[in-house]
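Following: one structure in structure tokens, then a few remarks.
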Amino acid sequence: MIIVANQPVQLNRSEWSDFEWYWLQQLQNRPTRYVYQSMDHLRFEWDLRGSLVEAAEGLDRSGVSFASFEKSRCNPAYWNRNAEGGFELRSNVTPADGIRDIWRNGHLYAFECATATVIVLYGGVLGSIREDAFNSLFRNLLLFDWHYDSDLRLTEKNGSETALPGDVLYFKNPDVSPETPEWQGENTFMLRENWYYGHGIGIASGEEIIRTLNQFRVPGSRVSAYLMDMVIYPDFFYLSRFAKNSQNNIAAGSTPVLPGQLYVRLGGSRYLRS
């Protein structure tokens with residue numbers, strides 16, 4: 001059930017895309033209460049979820065390659081590659097232009113799956129908020145492992161069975177071979193039911209991702225890879241204040257962090273937990 005401003009709502013089909021309408025009907029028919037502060041909050045969340053799905057699918061088509069940090073590469077016109085294999089935004093490049101270039105010139109980029117996940121998060125947010133807000137929020141970008149700006153405000157919860165498009169989920173390979181540590185797991189974006197994008201594997205079903213990971217276990221292992229129960233997503237309500245139709249302004253250099261936030265680790269990846 002969808003609750004907006006403490007009240008159940010009836011939605012008008014003509015006001016939503018096919019993607020949004022399908023999923024909103026799924027939410028309406030579930031016993032779980034999906035609570036939104038306003039219709040603007042509801043609209044923004046589903047706009048951003050759609051943008052995250054488009055960013056993931058677009059990155060899959062962009063020509064980017066999978067590579068370890070030692071072999072990572074980027075477009076030097078937009079990014080400086082540092083000694084650890086991360087990408088530092090050049091001082092003369094805006095964050096929006098730097099992120100867009102990854103989709104435009106994917107053949108110039110190679111990175112591993114945790115970095116790809118953060119890139120998709122930035123790309124999805126760029127598609128849903130004002131460009132001036134994006135450039136102010138995410139100045140001095142560094143793309144490296146699960147390093148990310150605090151203004152993404154990533155949140156973690158349990159419940160992979162109730163995940164929604166645009167959520168980040170992790171497939172863990174507990175018996176990974178020490179010869180292929182890069183296959184210890186796969187960070188993925190949910191695109192639709194049991195369909196995911198993971199950098200290095202591509203777009204595949206959950207069963208296909210598990211079969212791929214199982215090829216990289218220690219010899220003789222019978223411990224299968226599996227989908228972990230944790231789900232990661234950005235703070236939709238917080239980001240909605242910077243929506244393209246919003247006139248709110250942000251102070252230069254502001255990077256607010258909510259009290260009580262702490263970091264958790266999932267499959268070797270660093271997340272922000274509220």
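Identifiers for the structure tokens are assigned positionally: chains receive A, B, ... in sequence, residues are indexed from 1 per chain, and ligands are indexed from 1 in the order shown.
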
So which residues touch Gln25 (chain A) within 12 Å, counting only C-alpha atoms, skipping near sequence neighbours fewer than 4 positions away, as an MDAnalysis selection string? chainID A and resid 1:2 9:13 16 18:21 29:30 34

Where does region 176-248 of chain A meet region 67-85 of chain A within 10 Å, residue by residue, with the nearest atom pair and distance in Å to one decimal for each, counting only C-alpha atoms, listed by chain and rising number, as a tab-separated table?
```
residue	atom	partner	partner_atom	distance
A:Glu182	CA	A:Ser68	CA	7.7
A:His199	CA	A:Ala67	CA	9.9
A:Gly200	CA	A:Ala67	CA	8.5
```

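Of note, CA of Arg43 (chain A) and CA of Pro31 (chain A) are spaced 20.9 Å apart.
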
Counting only C-alpha atoms, give me one row per residue of region 151-197 of chain A with an atom at most 9 Å from an atom of region 231-242 of chain A, showing the shortest contact pair and its distance in Å to one decimal, sorted by chain then residue number, as CSV.
```
residue,atom,partner,partner_atom,distance
A:Asp151,CA,A:Leu239,CA,8.2
A:Leu152,CA,A:Pro234,CA,5.6
A:Arg153,CA,A:Asp235,CA,5.4
A:Leu154,CA,A:Pro234,CA,4.4
A:Thr155,CA,A:Tyr233,CA,5.5
A:Glu156,CA,A:Ile232,CA,4.6
A:Lys157,CA,A:Val231,CA,5.4
A:Asn158,CA,A:Val231,CA,6.0
A:Gly159,CA,A:Val231,CA,6.6
A:Ser160,CA,A:Val231,CA,5.9
A:Ala163,CA,A:Val231,CA,6.8
A:Gly166,CA,A:Tyr233,CA,7.4
A:Asp167,CA,A:Tyr233,CA,5.2
A:Val168,CA,A:Ile232,CA,4.9
A:Leu169,CA,A:Val231,CA,5.3
A:Tyr170,CA,A:Val231,CA,7.9
```

Which one of A:Ala56, A:Met228, A:Leu24, A:Ile102 sits closest to Trp195 (chain A) if you count only C-alpha atoms? A:Ala56

What's around Ile209 (chain A) at 8 Å? Count only C-alpha atoms, leave out sequence neighbours fewer than 5 positions away in its own chain, and write the answer as JSON, numbers by chain. {"A": [171, 201, 204]}

Name all residues at most 12 Å from Thr212 (chain A) (count only C-alpha atoms; drop same-chain ones fewer than 3 positions away) and give them as a ChimeraX atom specification. /A:171-173,176,183-186,198,200-202,204-209,215-217,224-226

Test item: residues at most 9 Å from region 134-144 of chain A, only C-alpha atoms, excluding those fewer than 4 positions along its chain, as a PyMOL selection string: chain A and resi 69+84-91+94-96+98+111+114-116+118-119+122+125-126+129-130+148-152+242+250-255

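Proximity ranking of A:Leu164, A:Ile203, A:Leu121, A:Leu213 relative to Leu227 (chain A) places A:Leu213 first, based on only C-alpha atoms.
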
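Residue nearest Val218 (chain A) within the list A:Ser51, A:Ser128, A:Gln7, A:Thr180: A:Thr180 [criterion: smallest interatomic distance, only C-alpha atoms].
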
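One finds CA of Pro181 (chain A) at 14.0 Å from CA of Pro219 (chain A).
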
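Proximity to Arg61 (chain A) was assessed for A:Trp103, A:Phe44, A:Phe189, A:Trp23 counting only C-alpha atoms; the smallest distance is recorded for A:Trp103.
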
Would you please extract all alpha helix (DSSP H) residues from region 5-202 of chain A, as assigned by DSSP on the backbone, and give them as a ChimeraX atom specification? /A:18-28,39-61,95-104,113-126,131-137

If we count only C-alpha atoms, what is near Ile3 (chain A) at a cut-off of 10 Å, once residues fewer than 6 positions away on the same chain are taken out, given as a ChimeraX atom specification? /A:9-10,28,33-39,42

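Comparing the minimum interatomic distances between Glu131 (chain A) and each of A:Leu191, A:Val4, A:Leu59, A:Ala243, counting only C-alpha atoms, we find that A:Ala243 sits nearest.
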
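Our summary of the geometry notes that CA of Arg211 (chain A) is positioned 29.3 Å from CA of Tyr22 (chain A).
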
Using DSSP assignments from the backbone, pull out every residue in region 52-232 of chain A that falls under strand (DSSP E) and give it to me as JSON, numbers by chain. {"A": [65, 66, 79, 80, 81, 87, 88, 89, 110, 111, 142, 143, 155, 156, 157, 158, 168, 169, 170, 171, 172, 185, 186, 187, 188, 189, 190, 191, 192, 195, 196, 197, 198, 202, 203, 204, 205, 226, 227, 228, 229, 230, 231, 232]}

From the list A:Val120, A:Val93, A:Ile99, A:Leu108, which residue is nearest Asp60 (chain A) when using only C-alpha atoms? A:Val120
